[in-house]
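What follows is the content of final06.cif, which has mmCIF, C-alpha atoms:
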data_model
loop_
_atom_site.label_atom_id
_atom_site.label_comp_id
_atom_site.auth_asym_id
_atom_site.auth_seq_id
_atom_site.Cartn_x
_atom_site.Cartn_y
_atom_site.Cartn_z
CA MET O 725 105.61 -24.49 126.59
CA TRP O 726 106.86 -27.57 128.41
CA LEU O 727 110.42 -26.32 127.89
CA TYR O 728 109.91 -23.39 130.23
CA ALA O 729 107.86 -25.48 132.65
CA ALA O 730 110.75 -27.94 132.88
CA ALA O 731 113.25 -25.14 133.40
CA ILE O 732 111.16 -23.44 136.11
CA ALA O 733 110.58 -26.74 137.93
CA GLY O 734 114.33 -27.41 137.81
CA TYR O 735 115.02 -23.96 139.26
CA ILE O 736 112.61 -24.68 142.13
CA GLY O 737 114.64 -27.80 142.87
CA ILE O 738 117.91 -25.87 142.80
CA PHE O 739 116.37 -23.25 145.11
CA ALA O 740 115.33 -25.96 147.58
CA GLY O 741 118.75 -27.60 147.43
CA SER O 742 120.71 -24.35 147.75
CA THR O 743 119.34 -23.00 151.03
CA PRO O 744 122.08 -24.94 152.89
CA TYR O 745 124.65 -22.70 151.16
CA GLY O 746 123.27 -19.70 153.03
CA TRP O 747 122.25 -21.56 156.20
CA SER O 748 125.63 -21.62 157.97
CA SER O 749 126.27 -17.86 157.95
CA PRO O 750 123.12 -16.76 159.86
CA VAL O 751 122.36 -19.96 161.82
CA LEU O 752 125.70 -21.11 163.25
CA PRO O 753 125.93 -17.98 165.47
CA LEU O 754 122.54 -18.98 166.95
CA TYR O 755 124.19 -22.02 168.56
CA ASP O 756 126.02 -19.60 170.88
CA GLU O 757 122.76 -18.37 172.39
CA GLU O 758 121.41 -19.61 175.73
CA ASN O 759 118.35 -21.38 174.30
CA SER O 760 120.42 -23.28 171.73
CA PRO O 761 119.75 -27.07 171.65
CA LEU O 762 123.52 -27.65 171.71
CA THR O 763 126.80 -25.78 171.92
CA ILE O 764 129.46 -25.89 169.22
CA THR O 765 133.01 -24.58 169.20
CA GLU O 766 134.37 -22.34 166.46
CA ASP O 767 136.32 -25.24 164.95
CA GLU O 768 133.23 -27.48 164.99
CA GLY O 769 131.28 -24.67 163.33
CA ALA O 770 133.86 -24.50 160.54
CA TRP O 771 133.57 -28.26 159.98
CA ILE O 772 129.77 -28.07 159.94
CA ALA O 773 129.80 -25.15 157.48
CA SER O 774 132.26 -26.92 155.18
CA ALA O 775 130.60 -30.34 155.42
CA PHE O 776 127.91 -29.30 152.95
CA MET O 777 130.56 -28.79 150.27
CA LEU O 778 131.98 -32.23 151.04
CA GLY O 779 128.53 -33.71 150.44
CA ASN O 780 128.33 -31.70 147.22
CA ALA O 781 131.54 -33.40 146.11
CA ILE O 782 130.15 -36.89 146.85
CA GLY O 783 126.72 -36.38 145.22
CA PRO O 784 127.82 -36.18 141.56
CA LEU O 785 129.90 -39.34 141.87
CA MET O 786 126.93 -41.19 143.35
CA SER O 787 124.73 -39.94 140.50
CA LEU O 788 127.05 -41.56 137.95
CA VAL O 789 125.97 -45.02 139.09
CA ILE O 790 122.35 -44.51 138.04
CA SER O 791 122.41 -41.55 135.59
CA HIS O 792 122.22 -43.71 132.45
CA LEU O 793 119.89 -46.28 134.02
CA THR O 794 117.19 -43.90 135.20
CA GLY O 795 117.60 -40.77 133.10
CA ARG O 796 118.05 -37.13 134.00
CA LYS O 797 114.49 -36.57 135.20
CA THR O 798 114.29 -39.49 137.64
CA LEU O 799 117.70 -38.73 139.08
CA LEU O 800 116.76 -35.09 139.71
CA ILE O 801 113.65 -36.19 141.61
CA ALA O 802 115.68 -38.74 143.61
CA ALA O 803 118.15 -35.98 144.57
CA SER O 804 115.47 -34.43 146.79
CA LEU O 805 115.53 -37.37 149.23
CA PRO O 806 118.83 -36.34 150.90
CA TRP O 807 117.38 -32.86 151.51
CA PHE O 808 114.46 -34.30 153.45
CA ILE O 809 116.80 -36.50 155.50
CA GLY O 810 119.36 -33.76 156.16
CA TRP O 811 116.91 -31.11 157.36
CA THR O 812 115.05 -33.65 159.54
CA MET O 813 118.35 -34.49 161.24
CA ILE O 814 119.03 -30.80 161.93
CA ILE O 815 115.61 -30.40 163.57
CA PHE O 816 116.39 -33.16 166.07
CA ALA O 817 120.19 -32.73 166.29
CA ARG O 818 121.65 -32.71 169.81
CA SER O 819 125.35 -33.04 169.01
CA PRO O 820 127.80 -31.43 166.54
CA TRP O 821 128.46 -34.71 164.72
CA GLU O 822 124.74 -34.97 163.85
CA LEU O 823 124.89 -31.52 162.28
CA PHE O 824 128.04 -32.50 160.40
CA VAL O 825 126.45 -35.69 159.02
CA SER O 826 123.21 -33.90 158.13
CA ARG O 827 125.11 -31.30 156.10
CA ILE O 828 126.97 -34.01 154.19
CA ILE O 829 123.72 -35.83 153.41
CA SER O 830 122.01 -32.64 152.20
CA GLY O 831 125.06 -31.85 150.10
CA THR O 832 124.88 -35.14 148.21
CA GLY O 833 121.46 -34.18 146.86
CA THR O 834 122.57 -30.68 145.90
CA GLY O 835 125.75 -31.95 144.25
CA ALA O 836 123.76 -34.45 142.19
CA SER O 837 121.29 -31.73 141.14
CA PHE O 838 124.02 -29.34 140.03
CA SER O 839 125.58 -32.17 138.05
CA VAL O 840 122.43 -33.39 136.31
CA LEU O 841 120.28 -30.26 135.75
CA PRO O 842 122.83 -28.56 133.42
CA MET O 843 122.88 -31.75 131.34
CA TYR O 844 119.09 -31.87 131.25
CA LEU O 845 118.59 -28.21 130.33
CA GLY O 846 121.53 -28.26 127.90
CA GLU O 847 119.88 -31.14 126.05
CA ILE O 848 116.31 -29.83 125.93
CA ALA O 849 117.04 -26.15 125.16
CA PRO O 850 117.54 -24.68 121.67
CA ALA O 851 120.90 -22.96 121.11
CA ASN O 852 119.54 -19.39 121.09
CA ILE O 853 118.28 -19.52 124.70
CA ARG O 854 120.42 -22.30 126.16
CA GLY O 855 122.83 -19.87 127.82
CA ILE O 856 120.06 -17.98 129.60
CA LEU O 857 118.34 -21.16 130.81
CA LEU O 858 121.60 -22.60 132.14
CA THR O 859 122.64 -19.33 133.76
CA MET O 860 119.31 -19.18 135.60
CA ILE O 861 120.44 -22.24 137.57
CA THR O 862 122.83 -19.98 139.44
CA MET O 863 120.15 -17.31 139.76
CA SER O 864 118.03 -19.88 141.62
CA GLN O 865 120.97 -20.70 143.85
CA ARG O 866 121.55 -17.02 144.66
CA LEU O 867 117.86 -16.46 145.42
CA ALA O 868 118.02 -19.39 147.86
CA ILE O 869 121.07 -17.88 149.59
CA LEU O 870 119.28 -14.53 149.85
CA PHE O 871 116.24 -16.35 151.27
CA ALA O 872 118.44 -17.95 153.95
CA TYR O 873 120.16 -14.65 154.79
CA ALA O 874 116.84 -12.80 155.04
CA ILE O 875 114.78 -15.37 156.98
CA TYR O 876 117.00 -17.62 159.09
CA PRO O 877 118.60 -15.01 161.40
CA PHE O 878 115.14 -14.10 162.69
CA VAL O 879 113.71 -17.57 163.39
CA SER O 880 114.79 -20.45 165.60
CA ILE O 881 117.22 -23.12 164.41
CA GLN O 882 114.46 -25.74 164.24
CA THR O 883 112.15 -23.39 162.34
CA SER O 884 114.83 -22.64 159.75
CA ALA O 885 115.29 -26.37 159.17
CA LEU O 886 111.53 -26.95 159.01
CA ILE O 887 111.10 -24.23 156.38
CA SER O 888 113.88 -25.76 154.31
CA LEU O 889 112.35 -29.21 154.72
CA VAL O 890 109.13 -28.07 153.00
CA LEU O 891 110.82 -26.35 150.04
CA PRO O 892 111.56 -29.49 147.94
CA VAL O 893 107.89 -30.58 147.98
CA PRO O 894 106.66 -28.34 145.11
CA PHE O 895 109.70 -29.33 143.04
CA VAL O 896 108.91 -33.05 143.30
CA CYS O 897 105.20 -32.49 142.65
CA CYS O 898 105.91 -30.46 139.48
CA PHE O 899 108.93 -32.22 138.01
CA MET O 900 107.44 -35.71 138.02
CA TRP O 901 105.04 -34.67 135.21
CA LEU O 902 107.67 -33.21 132.88
CA PRO O 903 109.26 -34.85 129.80
CA GLU O 904 112.60 -36.69 129.82
CA SER O 905 115.52 -35.40 127.75
CA PRO O 906 115.15 -36.47 124.09
CA TYR O 907 118.94 -37.01 123.95
CA TYR O 908 118.70 -39.55 126.75
CA LEU O 909 115.66 -41.29 125.21
CA ILE O 910 117.42 -41.64 121.84
CA ARG O 911 120.50 -42.96 123.61
CA CYS O 912 118.26 -45.68 125.10
CA GLY O 913 116.69 -46.46 121.70
CA ARG O 914 113.29 -45.04 122.68
CA HIS O 915 112.80 -43.01 119.49
CA GLU O 916 109.04 -42.61 119.63
CA GLU O 917 109.21 -41.31 123.19
CA ALA O 918 112.01 -38.98 122.14
CA ALA O 919 109.84 -37.55 119.36
CA GLU O 920 106.96 -37.03 121.79
CA SER O 921 109.27 -35.40 124.33
CA LEU O 922 110.77 -33.04 121.74
CA ALA O 923 107.33 -32.15 120.37
CA ALA O 924 106.13 -31.28 123.88
CA LEU O 925 109.25 -29.22 124.61
CA ARG O 926 109.02 -27.28 121.34
CA GLY O 927 105.23 -26.89 121.38
CA THR O 928 104.88 -28.25 117.83
CA ALA O 929 104.64 -31.63 116.12
CA ASN O 930 107.01 -30.49 113.37
CA VAL O 931 110.24 -31.63 115.01
CA GLN O 932 111.55 -34.19 112.52
CA THR O 933 114.45 -32.03 111.33
CA GLU O 934 115.71 -31.36 114.86
CA LEU O 935 115.05 -34.98 115.86
CA GLN O 936 117.21 -36.24 113.00
CA THR O 937 119.98 -33.84 114.02
CA ILE O 938 119.83 -35.17 117.59
CA LYS O 939 119.85 -38.78 116.36
CA LYS O 940 122.89 -38.08 114.21
CA SER O 941 124.68 -36.32 117.04
CA VAL O 942 123.95 -39.09 119.55
CA LYS O 943 124.94 -41.82 117.07
CA VAL O 944 128.26 -40.14 116.37
CA GLU O 945 129.02 -39.37 120.00
CA MET O 946 128.03 -42.86 121.19
CA ALA O 947 130.43 -44.54 118.75
CA SER O 948 132.81 -45.14 121.64
CA SER O 949 132.48 -46.34 125.23
CA GLY O 950 132.26 -42.99 127.02
CA GLY O 951 134.40 -44.06 129.99
CA LEU O 952 137.39 -42.45 131.64
CA ARG O 953 139.66 -43.41 128.75
CA GLU O 954 137.34 -41.71 126.29
CA LEU O 955 137.13 -38.63 128.50
CA PHE O 956 140.85 -38.16 129.07
CA CYS O 957 142.46 -39.69 125.95
CA VAL O 958 140.37 -38.21 123.11
CA PRO O 959 141.84 -34.71 122.52
CA GLY O 960 138.51 -32.87 122.21
CA ASN O 961 137.06 -34.46 125.34
CA CYS O 962 140.30 -33.97 127.26
CA LYS O 963 140.29 -30.29 126.27
CA SER O 964 136.73 -29.93 127.58
CA MET O 965 137.72 -31.66 130.81
CA ASN O 966 140.80 -29.51 131.35
CA ILE O 967 138.88 -26.30 130.68
CA GLY O 968 136.14 -27.34 133.09
CA LEU O 969 138.46 -28.42 135.91
CA VAL O 970 140.79 -25.41 135.76
CA LEU O 971 137.87 -22.99 135.51
CA ARG O 972 136.25 -24.65 138.55
CA LEU O 973 139.56 -24.46 140.43
CA PHE O 974 139.82 -20.70 139.94
CA GLN O 975 136.11 -20.28 140.67
CA GLN O 976 136.44 -21.91 144.08
CA CYS O 977 139.80 -20.30 144.93
CA SER O 978 138.48 -16.84 144.12
CA GLY O 979 137.13 -16.47 147.70
CA ASN O 980 133.48 -17.31 147.21
CA GLN O 981 133.25 -20.04 149.86
CA ALA O 982 134.87 -17.91 152.55
CA ILE O 983 132.64 -14.92 151.85
CA MET O 984 129.46 -16.99 151.54
CA MET O 985 130.00 -19.20 154.63
CA TYR O 986 131.41 -16.53 156.93
CA THR O 987 129.66 -13.38 155.70
CA GLN O 988 128.47 -12.25 159.13
CA THR O 989 131.79 -13.08 160.77
CA ILE O 990 133.80 -11.13 158.18
CA PHE O 991 131.58 -8.09 158.55
CA ASP O 992 131.63 -8.30 162.35
CA GLN O 993 135.45 -8.52 162.33
CA ALA O 994 135.57 -5.40 160.20
CA ASN O 995 133.79 -3.33 162.88
CA VAL O 996 131.29 -1.96 160.39
CA GLY O 997 128.52 0.14 161.94
CA LEU O 998 125.70 -2.08 160.67
CA GLU O 999 125.18 -5.58 162.12
CA GLY O 1000 126.66 -8.39 160.02
CA LYS O 1001 123.31 -10.12 159.48
CA TYR O 1002 121.84 -7.02 157.83
CA LEU O 1003 124.89 -6.53 155.62
CA ALA O 1004 124.58 -10.20 154.67
CA ILE O 1005 121.02 -9.58 153.47
CA ILE O 1006 122.20 -6.62 151.40
CA MET O 1007 124.92 -8.81 149.93
CA GLY O 1008 122.35 -11.48 149.12
CA VAL O 1009 120.32 -8.93 147.15
CA ILE O 1010 123.45 -7.88 145.28
CA GLN O 1011 124.17 -11.54 144.44
CA VAL O 1012 120.77 -11.86 142.81
CA LEU O 1013 121.13 -8.60 140.86
CA GLY O 1014 124.63 -9.56 139.68
CA THR O 1015 123.46 -12.97 138.46
CA LEU O 1016 120.48 -11.32 136.73
CA LEU O 1017 122.92 -9.03 134.94
CA CYS O 1018 124.90 -12.05 133.77
CA THR O 1019 121.70 -13.74 132.56
CA TRP O 1020 121.01 -10.73 130.35
CA PHE O 1021 124.64 -10.46 129.24
CA VAL O 1022 125.61 -14.07 128.54
CA ASP O 1023 123.69 -14.71 125.29
CA ARG O 1024 124.36 -11.20 123.97
CA GLN O 1025 128.09 -10.71 124.57
CA GLY O 1026 129.20 -14.29 125.23
CA ARG O 1027 130.66 -16.46 127.97
CA ARG O 1028 134.33 -15.49 127.60
CA PRO O 1029 133.97 -11.68 128.04
CA ALA O 1030 131.73 -12.20 131.07
CA LEU O 1031 134.20 -14.60 132.69
CA LEU O 1032 137.14 -12.25 132.08
CA PHE O 1033 135.20 -9.29 133.49
CA SER O 1034 134.32 -11.40 136.53
CA ALA O 1035 137.88 -12.59 137.20
CA ILE O 1036 139.41 -9.11 136.99
CA GLY O 1037 136.65 -7.63 139.13
CA THR O 1038 136.98 -10.25 141.86
CA MET O 1039 140.74 -9.71 141.90
CA ILE O 1040 140.26 -5.98 142.58
CA SER O 1041 137.62 -6.69 145.23
CA THR O 1042 139.58 -9.26 147.24
CA SER O 1043 142.67 -7.06 147.13
CA ALA O 1044 140.64 -4.22 148.68
CA VAL O 1045 139.53 -6.46 151.57
CA ALA O 1046 143.08 -7.80 151.96
CA ILE O 1047 144.49 -4.27 152.20
CA TYR O 1048 142.05 -3.34 154.98
CA PHE O 1049 142.78 -6.39 157.14
CA HIS O 1050 146.50 -6.12 156.38
CA LEU O 1051 146.54 -2.58 157.78
CA GLN O 1052 144.44 -3.68 160.75
CA TYR O 1053 146.78 -6.59 161.49
CA PHE O 1054 149.77 -4.21 161.69
CA ASN O 1055 147.81 -1.82 163.94
CA VAL O 1056 147.56 0.91 161.33
CA SER O 1057 144.52 3.12 161.91
CA THR O 1058 141.63 2.14 159.65
CA ASP O 1059 139.08 4.61 161.00
CA SER O 1060 138.91 6.48 157.71
CA ILE O 1061 138.32 3.33 155.64
CA GLU O 1062 135.90 1.35 157.80
CA TRP O 1063 133.72 1.11 154.71
CA LEU O 1064 136.36 -0.75 152.69
CA PRO O 1065 135.77 -4.45 153.69
CA ALA O 1066 131.99 -4.21 153.29
CA THR O 1067 132.40 -2.41 149.98
CA GLY O 1068 135.03 -4.90 148.83
CA CYS O 1069 132.80 -7.87 149.71
CA MET O 1070 129.82 -6.28 147.97
CA MET O 1071 131.92 -5.58 144.88
CA TYR O 1072 133.21 -9.12 144.98
CA VAL O 1073 129.68 -10.51 144.95
CA VAL O 1074 128.70 -8.35 141.97
CA PHE O 1075 131.72 -9.40 139.91
CA PHE O 1076 131.54 -13.05 140.98
CA CYS O 1077 127.87 -13.30 140.03
CA CYS O 1078 128.50 -11.67 136.65
CA GLY O 1079 130.58 -14.60 135.44
CA TYR O 1080 132.40 -16.89 137.86
CA ALA O 1081 129.22 -17.99 139.64
CA PRO O 1082 126.96 -19.10 136.77
CA LEU O 1083 129.15 -19.71 133.74
CA PRO O 1084 131.18 -22.78 134.82
CA THR O 1085 127.81 -24.49 135.34
CA THR O 1086 126.55 -23.14 132.01
CA MET O 1087 129.62 -24.43 130.17
CA ASN O 1088 129.30 -27.81 131.89
CA GLY O 1089 126.10 -28.29 129.92
CA GLU O 1090 127.76 -27.24 126.66
CA LEU O 1091 131.33 -28.56 126.45
CA PHE O 1092 130.88 -32.32 126.86
CA SER O 1093 129.64 -34.68 124.15
CA THR O 1094 126.72 -36.98 124.97
CA ASN O 1095 128.79 -40.12 125.54
CA VAL O 1096 130.94 -38.48 128.26
CA LYS O 1097 128.57 -35.77 129.50
CA SER O 1098 127.41 -37.54 132.66
CA LEU O 1099 130.95 -38.47 133.63
CA GLY O 1100 132.44 -35.09 132.70
CA CYS O 1101 129.80 -33.04 134.51
CA ALA O 1102 129.97 -35.25 137.59
CA ILE O 1103 133.75 -35.02 137.86
CA ASN O 1104 133.64 -31.25 137.35
CA VAL O 1105 130.99 -30.63 139.99
CA SER O 1106 132.61 -33.07 142.42
CA PHE O 1107 136.03 -31.47 141.95
CA ALA O 1108 134.60 -27.96 142.38
CA ASN O 1109 132.87 -28.82 145.62
CA PHE O 1110 135.82 -30.71 147.04
CA VAL O 1111 138.01 -27.66 146.39
CA GLY O 1112 135.24 -25.52 147.90
CA PHE O 1113 135.29 -27.72 151.00
CA LEU O 1114 139.06 -27.29 151.33
CA VAL O 1115 138.83 -23.52 150.78
CA GLY O 1116 136.00 -23.12 153.30
CA LYS O 1117 137.81 -25.09 156.00
CA SER O 1118 141.28 -23.68 155.33
CA TYR O 1119 139.95 -20.11 155.40
CA GLN O 1120 139.02 -20.57 159.05
CA VAL O 1121 142.45 -22.05 159.85
CA VAL O 1122 144.44 -19.39 157.95
CA SER O 1123 142.40 -16.44 159.22
CA GLN O 1124 142.72 -17.59 162.84
CA SER O 1125 146.37 -18.68 162.82
CA ILE O 1126 147.89 -16.06 160.50
CA GLY O 1127 145.30 -13.43 159.67
CA VAL O 1128 142.28 -12.69 157.48
CA TYR O 1129 144.47 -10.57 155.22
CA VAL O 1130 146.59 -13.60 154.22
CA ALA O 1131 143.52 -15.52 153.05
CA PHE O 1132 142.33 -12.60 150.95
CA TRP O 1133 145.77 -12.07 149.39
CA ILE O 1134 145.68 -15.75 148.38
CA PHE O 1135 142.27 -15.17 146.79
CA THR O 1136 143.65 -12.15 144.94
CA ILE O 1137 146.54 -14.16 143.47
CA ALA O 1138 144.13 -16.91 142.40
CA ASN O 1139 141.92 -14.35 140.66
CA PHE O 1140 144.91 -12.90 138.81
CA TRP O 1141 145.90 -16.29 137.39
CA GLY O 1142 142.25 -17.06 136.68
CA SER O 1143 141.99 -14.00 134.43
CA ILE O 1144 145.12 -15.11 132.55
CA PHE O 1145 143.66 -18.60 132.01
CA ILE O 1146 140.31 -17.25 130.80
CA TYR O 1147 141.94 -14.83 128.35
CA PHE O 1148 144.11 -17.47 126.67
CA TRP O 1149 142.21 -20.77 126.97
CA ILE O 1150 138.44 -20.36 127.37
CA PRO O 1151 136.49 -20.94 124.10
CA GLU O 1152 133.34 -19.04 123.16
CA THR O 1153 130.15 -21.15 122.94
CA LYS O 1154 127.55 -18.41 122.50
CA GLY O 1155 124.89 -19.16 119.89
CA LYS O 1156 126.38 -22.50 118.84
CA THR O 1157 124.57 -25.83 118.80
CA LEU O 1158 125.99 -28.66 120.89
CA GLN O 1159 127.13 -30.37 117.69
CA GLU O 1160 128.96 -27.24 116.46
CA ILE O 1161 130.74 -26.92 119.83
CA GLN O 1162 131.92 -30.53 119.58
CA GLU O 1163 133.13 -30.05 116.01
CA GLU O 1164 135.26 -27.10 117.09
CA LEU O 1165 136.63 -28.83 120.17
CA HIS O 1166 137.63 -31.82 118.05
CA HIS O 1167 139.06 -29.54 115.33
CA LYS O 1168 136.66 -30.98 112.78
CA LYS O 1169 134.75 -27.89 111.71
CA GLY O 1170 132.27 -28.89 109.04
CA GLN O 1171 133.23 -32.57 109.32
CA ASN O 1172 131.77 -35.50 111.17
CA VAL O 1173 133.06 -35.74 114.73
CA VAL O 1174 133.21 -39.52 114.55
CA THR O 1175 136.48 -39.39 112.59
CA SER O 1176 138.24 -38.06 115.70
CA LEU O 1177 136.82 -40.64 118.08
#

Represent the structure contained in this file as structure tokens.
Amino acid sequence: MWLYAAAIAGYIGIFAGSTPYGWSSPVLPLYDEENSPLTITEDEGAWIASAFMLGNAIGPLMSLVISHLTGRKTLLIAASLPWFIGWTMIIFARSPWELFVSRIISGTGTGASFSVLPMYLGEIAPANIRGILLTMITMSQRLAILFAYAIYPFVSIQTSALISLVLPVPFVCCFMWLPESPYYLIRCGRHEEAAESLAALRGTANVQTELQTIKKSVKVEMASSGGLRELFCVPGNCKSMNIGLVLRLFQQCSGNQAIMMYTQTIFDQANVGLEGKYLAIIMGVIQVLGTLLCTWFVDRQGRRPALLFSAIGTMISTSAVAIYFHLQYFNVSTDSIEWLPATGCMMYVVFFCCGYAPLPTTMNGELFSTNVKSLGCAINVSFANFVGFLVGKSYQVVSQSIGVYVAFWIFTIANFWGSIFIYFWIPETKGKTLQEIQEELHHKKGQNVVTSL
């Protein structure tokens, strides 16, 4: 079916755009070697590592300008251009500022992709498998990080960039042949094309019932302008926005950026017997397995239980790492618990991937109505990555000036409050159509949503 072909092609694109997430941990240490094309300081390395998240924050906002003019499909293909530019710059980079700029450019493409693909898959997928298809976005991201951890420490800097440069090619070649979202086509008044798209995605010509439901949903949701006022002043939309932003805040403050960007450094500081690059590979495998577990779990038990499990688990994990470095900072012997930071980081990855990693992206594709979906998703993804940029950069400052243990205690506190927020405020969207979710958010169960707009 074209549905699964579209999903797989989208995952290939996310894989290609996510290798920069894992690039900084194994590659930045290579700039300290004698044959390095340039030398960077520790502070410059932190800026280069964090710059990708800054680009991720810019990308979704840029995508807003053309998202309704070109459609989801065209914008996803266009997002690959910054990846080609960014990796080419890294190949020829001879100064730290070139690396910094290249990471920002690459990030804009990745940020746009993570903003648009959840919309696209959320609109083309039936309700019974929508959660799995959206969760697999994060699985693709985690596979890309594992790929970077496993390959890039053992090749040259230029080779790592060249490999990454080739990865978007199959995505572009495949995705250009796939159908556009029927929601978008109906929004543009292209009803015949929408019917053809839906028929291709469902593998049957008998799509009139679903097509009428989509037309009704789009008509109702497009009754208003869909701008910032609509997003923040209509109670149902504002609720979706608040849920998305706060969930993204706790996701980024849980410690993910620090652990992902500085995996090798954290392990090396912990004096673990195994080299940091090998522990990073093990952690990458665990990331994939944890996300796979969430993919199986999310459409069976629901989003809310998985998120709560994830928040509590990450809180326990970061507290374990904080305890180890706290004891080490005060010169208390840690010989008997040398295993604790590696174990804590591994546990963190498992719990993070079981909920915090994939589900904010999944819910991005579910919570927003059609008329504000582009804007809502873009703001959410941009906000998340800007916070991730701040967390990644501030981790280096806090860990150097005060101590690693302080950073991990901050992560622990954030995870505690995240679990409280999830328990009291996160709605369950499992098994519900997009229209049913909107009816509940607008408190119009069984009624037409238009009355609240």

Residues in the PyMOL selection byres ((chain O and resi 725) around 12), expressed as a PyMOL selection string: chain O and resi 726-732+848-849+902-903+921-928

What residues come out when you apply the PyMOL selection byres ((chain O and resi 1007) around 10) to this file, written as a PDB file with C-alpha atoms, keeping the file's coordinate frame?
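Saved result, selection33.pdb, follows:
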ATOM      1  CA  ILE O 869     121.070 -17.880 149.590  1.00  0.00           C
ATOM      2  CA  LEU O 870     119.280 -14.530 149.850  1.00  0.00           C
ATOM      3  CA  TYR O 873     120.160 -14.650 154.790  1.00  0.00           C
ATOM      4  CA  MET O 984     129.460 -16.990 151.540  1.00  0.00           C
ATOM      5  CA  THR O 987     129.660 -13.380 155.700  1.00  0.00           C
ATOM      6  CA  LYS O1001     123.310 -10.120 159.480  1.00  0.00           C
ATOM      7  CA  TYR O1002     121.840  -7.020 157.830  1.00  0.00           C
ATOM      8  CA  LEU O1003     124.890  -6.530 155.620  1.00  0.00           C
ATOM      9  CA  ALA O1004     124.580 -10.200 154.670  1.00  0.00           C
ATOM     10  CA  ILE O1005     121.020  -9.580 153.470  1.00  0.00           C
ATOM     11  CA  ILE O1006     122.200  -6.620 151.400  1.00  0.00           C
ATOM     12  CA  GLY O1008     122.350 -11.480 149.120  1.00  0.00           C
ATOM     13  CA  VAL O1009     120.320  -8.930 147.150  1.00  0.00           C
ATOM     14  CA  ILE O1010     123.450  -7.880 145.280  1.00  0.00           C
ATOM     15  CA  GLN O1011     124.170 -11.540 144.440  1.00  0.00           C
ATOM     16  CA  VAL O1012     120.770 -11.860 142.810  1.00  0.00           C
ATOM     17  CA  LEU O1013     121.130  -8.600 140.860  1.00  0.00           C
ATOM     18  CA  ALA O1066     131.990  -4.210 153.290  1.00  0.00           C
ATOM     19  CA  THR O1067     132.400  -2.410 149.980  1.00  0.00           C
ATOM     20  CA  CYS O1069     132.800  -7.870 149.710  1.00  0.00           C
ATOM     21  CA  MET O1070     129.820  -6.280 147.970  1.00  0.00           C
ATOM     22  CA  MET O1071     131.920  -5.580 144.880  1.00  0.00           C
ATOM     23  CA  TYR O1072     133.210  -9.120 144.980  1.00  0.00           C
ATOM     24  CA  VAL O1073     129.680 -10.510 144.950  1.00  0.00           C
ATOM     25  CA  VAL O1074     128.700  -8.350 141.970  1.00  0.00           C
TER      26      VAL O1074
END

Long-range neighbours of stretch 1047-1054 of chain O as a PyMOL selection string, 10 Å cut-off, only C-alpha atoms, 3 positions minimum in chain: chain O and resi 993-994+1042-1044+1057-1059+1061-1065+1068+1126-1130+1132-1133

Of the listed residues O:Leu805, O:Leu845, O:Leu754, O:Met965, that which approaches O:Val879 most closely, counting all atoms listed in the file: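 Among the listed residues, O:Leu754 lies closest to O:Val879.
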
Go through stretch 991-1098 of chain O residue by residue and, counting only C-alpha atoms, keep those with an atom at most 12 Å from stretch 776-798 of chain O; for each kept residue give the shortest atom pair and its distance in Å to one decimal, ordered by chain and increasing number, as CSV.
residue,atom,partner,partner_atom,distance
O:Thr1094,CA,O:His792,CA,11.0
O:Asn1095,CA,O:His792,CA,10.2
O:Val1096,CA,O:Leu788,CA,10.9
O:Lys1097,CA,O:Leu788,CA,10.4
O:Ser1098,CA,O:Leu788,CA,6.7

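The coordinates place atom CA of O:Glu822 at 18.8 Å from atom CA of O:Gly746.
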
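With all atoms listed in the file as the atoms that count, the residue of O:Ala918, O:Phe1113, O:Asn852, O:Gly1142 with the shortest distance to O:Glu904 is O:Ala918.
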
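Restricting the calculation to all atoms listed in the file, the smallest distance between O:Ile910 and any of O:Leu799, O:Glu847, O:Cys962, O:Gly1116 is found for O:Glu847.
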
Could you pull stretch 976-982 of chain O out of the block above and save it with N, CA and C atoms, as a tab-separated table (two decimals), in the first residue's frame?
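So the final result, stored in selection.tsv, reads:
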chain	number	residue	atom	x	y	z
O	976	GLN	N	12.78	18.26	26.91
O	976	GLN	CA	14.13	18.77	26.68
O	976	GLN	C	14.91	18.96	27.98
O	977	CYS	N	14.21	19.29	29.06
O	977	CYS	CA	14.88	19.51	30.35
O	977	CYS	C	15.10	18.21	31.11
O	978	SER	N	14.73	17.10	30.53
O	978	SER	CA	14.90	15.81	31.22
O	978	SER	C	16.35	15.33	31.20
O	979	GLY	N	17.19	15.93	30.33
O	979	GLY	CA	18.60	15.55	30.26
O	979	GLY	C	19.02	14.92	28.96
O	980	ASN	N	18.09	14.80	28.02
O	980	ASN	CA	18.37	14.10	26.78
O	980	ASN	C	19.50	14.74	25.99
O	981	GLN	N	19.47	16.08	25.84
O	981	GLN	CA	20.48	16.75	25.01
O	981	GLN	C	21.87	16.58	25.58
O	982	ALA	N	22.00	16.68	26.90
O	982	ALA	CA	23.32	16.51	27.51
O	982	ALA	C	23.85	15.11	27.29
